[in-house]
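Colleague: Submitted below is the structure of interest, expressed as structure tokens.
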Amino acid sequence: MQNADASADEDEAAKVLESRFVIAQMLAIASHPDEALTELETIRPLLAEAFGPNSTQIRNLNKQISRLRLPEDRVEK
């Protein structure tokens, strides 16, 4: 999925990006928050380019990213 061509056409690009978002959500649910966060941060610029930086998709993505980030006081040192 990571290597899928999101620039093939608009419909395919939307499907690829949506699938990657769902995969990130599944990773988070499966107790893999680091992998989920990496995936979400990777697709963020692609979603912004496809839908616009102020789109609903970006707002939802930003919420997911915020939920996955740990407050500094909880990070093990």
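Residues in the structure tokens are numbered from 1 in each chain, the chains being A, B, ... in the order shown, and ligands are numbered from 1 in the order shown.
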Tell me, as a PyMOL selection string, which residues lie within 8 Å of region 34-39 of chain A, counting only C-alpha atoms; anything in the same chain fewer than 3 positions away does not count.

Modeller: chain A and resi 20-21+23-28+42-43+65+68-69

Colleague: May I have the selected residues written with all heavy atoms, as an mmCIF file, in the first residue's frame?

Modeller:
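Okay, this is what ended up in selection-v9.cif:
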```cif
data_model
loop_
_atom_site.group_PDB
_atom_site.id
_atom_site.type_symbol
_atom_site.label_atom_id
_atom_site.label_comp_id
_atom_site.auth_asym_id
_atom_site.auth_seq_id
_atom_site.Cartn_x
_atom_site.Cartn_y
_atom_site.Cartn_z
ATOM 1 N N ARG A 20 -5.003 4.040 3.065
ATOM 2 C CA ARG A 20 -3.861 4.249 3.959
ATOM 3 C C ARG A 20 -4.313 4.843 5.291
ATOM 4 O O ARG A 20 -3.779 4.496 6.349
ATOM 5 C CB ARG A 20 -2.817 5.126 3.288
ATOM 6 C CG ARG A 20 -2.116 4.385 2.145
ATOM 7 C CD ARG A 20 -1.067 5.201 1.492
ATOM 8 N NE ARG A 20 0.083 5.360 2.382
ATOM 9 C CZ ARG A 20 1.180 6.025 2.048
ATOM 10 N NH1 ARG A 20 1.285 6.565 0.862
ATOM 11 N NH2 ARG A 20 2.170 6.135 2.897
ATOM 12 N N PHE A 21 -5.311 5.710 5.272
ATOM 13 C CA PHE A 21 -5.854 6.284 6.498
ATOM 14 C C PHE A 21 -6.486 5.182 7.350
ATOM 15 O O PHE A 21 -6.264 5.108 8.560
ATOM 16 C CB PHE A 21 -6.875 7.372 6.151
ATOM 17 C CG PHE A 21 -7.432 8.080 7.347
ATOM 18 C CD1 PHE A 21 -6.704 9.062 7.987
ATOM 19 C CD2 PHE A 21 -8.690 7.769 7.831
ATOM 20 C CE1 PHE A 21 -7.216 9.733 9.094
ATOM 21 C CE2 PHE A 21 -9.211 8.429 8.928
ATOM 22 C CZ PHE A 21 -8.470 9.411 9.559
ATOM 23 N N ILE A 23 -5.788 1.980 7.225
ATOM 24 C CA ILE A 23 -4.705 1.122 7.719
ATOM 25 C C ILE A 23 -4.061 1.750 8.958
ATOM 26 O O ILE A 23 -3.786 1.054 9.947
ATOM 27 C CB ILE A 23 -3.666 0.859 6.616
ATOM 28 C CG1 ILE A 23 -4.265 -0.087 5.569
ATOM 29 C CG2 ILE A 23 -2.375 0.288 7.195
ATOM 30 C CD1 ILE A 23 -3.457 -0.214 4.301
ATOM 31 N N ALA A 24 -3.846 3.043 8.925
ATOM 32 C CA ALA A 24 -3.267 3.727 10.088
ATOM 33 C C ALA A 24 -4.178 3.599 11.302
ATOM 34 O O ALA A 24 -3.705 3.358 12.421
ATOM 35 C CB ALA A 24 -3.006 5.191 9.762
ATOM 36 N N GLN A 25 -5.476 3.734 11.085
ATOM 37 C CA GLN A 25 -6.423 3.570 12.189
ATOM 38 C C GLN A 25 -6.367 2.144 12.737
ATOM 39 O O GLN A 25 -6.423 1.938 13.953
ATOM 40 C CB GLN A 25 -7.837 3.902 11.729
ATOM 41 C CG GLN A 25 -8.044 5.372 11.472
ATOM 42 C CD GLN A 25 -9.432 5.673 10.962
ATOM 43 O OE1 GLN A 25 -9.947 4.979 10.090
ATOM 44 N NE2 GLN A 25 -10.038 6.699 11.506
ATOM 45 N N MET A 26 -6.259 1.169 11.851
ATOM 46 C CA MET A 26 -6.175 -0.231 12.287
ATOM 47 C C MET A 26 -4.890 -0.477 13.071
ATOM 48 O O MET A 26 -4.900 -1.207 14.067
ATOM 49 C CB MET A 26 -6.271 -1.158 11.077
ATOM 50 C CG MET A 26 -7.656 -1.139 10.433
ATOM 51 S SD MET A 26 -7.733 -1.996 8.847
ATOM 52 C CE MET A 26 -7.294 -3.652 9.317
ATOM 53 N N LEU A 27 -3.794 0.132 12.652
ATOM 54 C CA LEU A 27 -2.534 0.002 13.393
ATOM 55 C C LEU A 27 -2.685 0.577 14.799
ATOM 56 O O LEU A 27 -2.212 -0.015 15.769
ATOM 57 C CB LEU A 27 -1.405 0.723 12.647
ATOM 58 C CG LEU A 27 -0.859 0.023 11.418
ATOM 59 C CD1 LEU A 27 -0.001 0.983 10.599
ATOM 60 C CD2 LEU A 27 -0.063 -1.212 11.805
ATOM 61 N N ALA A 28 -3.351 1.715 14.901
ATOM 62 C CA ALA A 28 -3.552 2.329 16.214
ATOM 63 C C ALA A 28 -4.393 1.438 17.119
ATOM 64 O O ALA A 28 -4.071 1.239 18.295
ATOM 65 C CB ALA A 28 -4.207 3.703 16.053
ATOM 66 N N THR A 42 2.915 10.558 7.024
ATOM 67 C CA THR A 42 3.363 10.362 5.648
ATOM 68 C C THR A 42 2.284 10.761 4.642
ATOM 69 O O THR A 42 2.577 11.368 3.613
ATOM 70 C CB THR A 42 3.772 8.894 5.416
ATOM 71 O OG1 THR A 42 4.840 8.565 6.312
ATOM 72 C CG2 THR A 42 4.214 8.645 3.988
ATOM 73 N N ILE A 43 1.039 10.429 4.957
ATOM 74 C CA ILE A 43 -0.022 10.726 3.990
ATOM 75 C C ILE A 43 -0.581 12.148 4.131
ATOM 76 O O ILE A 43 -1.293 12.606 3.238
ATOM 77 C CB ILE A 43 -1.174 9.700 4.052
ATOM 78 C CG1 ILE A 43 -1.894 9.737 5.395
ATOM 79 C CG2 ILE A 43 -0.684 8.319 3.686
ATOM 80 C CD1 ILE A 43 -3.168 8.916 5.429
ATOM 81 N N ILE A 65 -3.750 12.347 14.446
ATOM 82 C CA ILE A 65 -2.340 12.542 14.808
ATOM 83 C C ILE A 65 -2.231 13.052 16.238
ATOM 84 O O ILE A 65 -1.407 12.556 17.022
ATOM 85 C CB ILE A 65 -1.657 13.508 13.812
ATOM 86 C CG1 ILE A 65 -1.467 12.803 12.453
ATOM 87 C CG2 ILE A 65 -0.314 13.999 14.348
ATOM 88 C CD1 ILE A 65 -0.990 13.715 11.333
ATOM 89 N N LEU A 68 -2.651 10.330 18.792
ATOM 90 C CA LEU A 68 -1.576 9.346 18.857
ATOM 91 C C LEU A 68 -0.298 9.877 19.494
ATOM 92 O O LEU A 68 0.506 9.098 19.996
ATOM 93 C CB LEU A 68 -1.251 8.827 17.449
ATOM 94 C CG LEU A 68 -2.306 7.922 16.846
ATOM 95 C CD1 LEU A 68 -1.997 7.644 15.384
ATOM 96 C CD2 LEU A 68 -2.411 6.613 17.622
ATOM 97 N N ARG A 69 -0.117 11.167 19.460
ATOM 98 C CA ARG A 69 1.095 11.742 20.049
ATOM 99 C C ARG A 69 0.992 11.679 21.561
ATOM 100 O O ARG A 69 -0.008 12.028 22.155
ATOM 101 C CB ARG A 69 1.260 13.181 19.602
ATOM 102 C CG ARG A 69 1.695 13.258 18.164
ATOM 103 C CD ARG A 69 2.307 14.602 17.871
ATOM 104 N NE ARG A 69 2.848 14.575 16.535
ATOM 105 C CZ ARG A 69 2.596 15.490 15.620
ATOM 106 N NH1 ARG A 69 1.822 16.507 15.899
ATOM 107 N NH2 ARG A 69 3.131 15.400 14.424
#
```

Colleague: Could you list, as number ranges by chain, every residue within 10 Å of region 44-52 of chain A, counting only C-alpha atoms and ignoring same-chain residues fewer than 4 positions away?

Modeller: A: 6-7, 10, 13-14, 17-18, 21, 39-40, 56-59, 61-62, 65

Colleague: Include N, CA and C atoms and write out the residues we just selected as a PDB file, in the first residue's frame.

Modeller:
```pdb
ATOM      1  N   ALA A   6      -0.516   6.910  -6.015  1.00  0.00           N
ATOM      2  CA  ALA A   6      -1.654   7.755  -5.675  1.00  0.00           C
ATOM      3  C   ALA A   6      -1.903   8.829  -6.726  1.00  0.00           C
ATOM      4  N   SER A   7      -1.021   8.924  -7.717  1.00  0.00           N
ATOM      5  CA  SER A   7      -1.198   9.953  -8.739  1.00  0.00           C
ATOM      6  C   SER A   7      -1.808   9.402 -10.021  1.00  0.00           C
ATOM      7  N   GLU A  10      -7.607  10.764 -10.171  1.00  0.00           N
ATOM      8  CA  GLU A  10      -8.178  11.305  -8.929  1.00  0.00           C
ATOM      9  C   GLU A  10      -8.946  10.280  -8.119  1.00  0.00           C
ATOM     10  N   ALA A  13      -6.454   7.850  -6.614  1.00  0.00           N
ATOM     11  CA  ALA A  13      -5.693   8.529  -5.569  1.00  0.00           C
ATOM     12  C   ALA A  13      -6.510   8.620  -4.288  1.00  0.00           C
ATOM     13  N   ALA A  14      -7.770   8.978  -4.403  1.00  0.00           N
ATOM     14  CA  ALA A  14      -8.637   9.081  -3.230  1.00  0.00           C
ATOM     15  C   ALA A  14      -8.783   7.731  -2.547  1.00  0.00           C
ATOM     16  N   LEU A  17      -5.423   6.873  -0.732  1.00  0.00           N
ATOM     17  CA  LEU A  17      -5.249   7.677   0.481  1.00  0.00           C
ATOM     18  C   LEU A  17      -6.233   7.269   1.567  1.00  0.00           C
ATOM     19  N   GLU A  18      -7.462   7.011   1.183  1.00  0.00           N
ATOM     20  CA  GLU A  18      -8.460   6.566   2.162  1.00  0.00           C
ATOM     21  C   GLU A  18      -8.051   5.228   2.763  1.00  0.00           C
ATOM     22  N   PHE A  21      -5.311   5.710   5.272  1.00  0.00           N
ATOM     23  CA  PHE A  21      -5.854   6.284   6.498  1.00  0.00           C
ATOM     24  C   PHE A  21      -6.486   5.182   7.350  1.00  0.00           C
ATOM     25  N   GLU A  39       2.472   6.533   9.507  1.00  0.00           N
ATOM     26  CA  GLU A  39       1.636   6.456   8.303  1.00  0.00           C
ATOM     27  C   GLU A  39       0.809   7.724   8.134  1.00  0.00           C
ATOM     28  N   LEU A  40       0.197   8.191   9.203  1.00  0.00           N
ATOM     29  CA  LEU A  40      -0.621   9.405   9.114  1.00  0.00           C
ATOM     30  C   LEU A  40       0.215  10.618   8.723  1.00  0.00           C
ATOM     31  N   THR A  56     -11.878  18.728   5.216  1.00  0.00           N
ATOM     32  CA  THR A  56     -12.355  17.849   6.286  1.00  0.00           C
ATOM     33  C   THR A  56     -11.379  16.695   6.492  1.00  0.00           C
ATOM     34  N   GLN A  57     -10.827  16.181   5.407  1.00  0.00           N
ATOM     35  CA  GLN A  57      -9.881  15.065   5.506  1.00  0.00           C
ATOM     36  C   GLN A  57      -8.664  15.458   6.342  1.00  0.00           C
ATOM     37  N   ILE A  58      -8.139  16.656   6.119  1.00  0.00           N
ATOM     38  CA  ILE A  58      -6.975  17.111   6.882  1.00  0.00           C
ATOM     39  C   ILE A  58      -7.346  17.368   8.336  1.00  0.00           C
ATOM     40  N   ARG A  59      -8.502  17.942   8.568  1.00  0.00           N
ATOM     41  CA  ARG A  59      -8.930  18.160   9.961  1.00  0.00           C
ATOM     42  C   ARG A  59      -9.054  16.823  10.696  1.00  0.00           C
ATOM     43  N   LEU A  61      -7.524  14.010   9.917  1.00  0.00           N
ATOM     44  CA  LEU A  61      -6.177  13.473  10.037  1.00  0.00           C
ATOM     45  C   LEU A  61      -5.438  14.129  11.193  1.00  0.00           C
ATOM     46  N   ASN A  62      -5.547  15.443  11.305  1.00  0.00           N
ATOM     47  CA  ASN A  62      -4.884  16.153  12.400  1.00  0.00           C
ATOM     48  C   ASN A  62      -5.395  15.694  13.763  1.00  0.00           C
ATOM     49  N   ILE A  65      -3.750  12.347  14.446  1.00  0.00           N
ATOM     50  CA  ILE A  65      -2.340  12.542  14.808  1.00  0.00           C
ATOM     51  C   ILE A  65      -2.231  13.052  16.238  1.00  0.00           C
TER      52      ILE A  65
END
```

Colleague: One decimal, in Å: what's the spacing between CA of Asn60 (chain A) and CA of Lys15 (chain A)?

Modeller: 16.3 Å
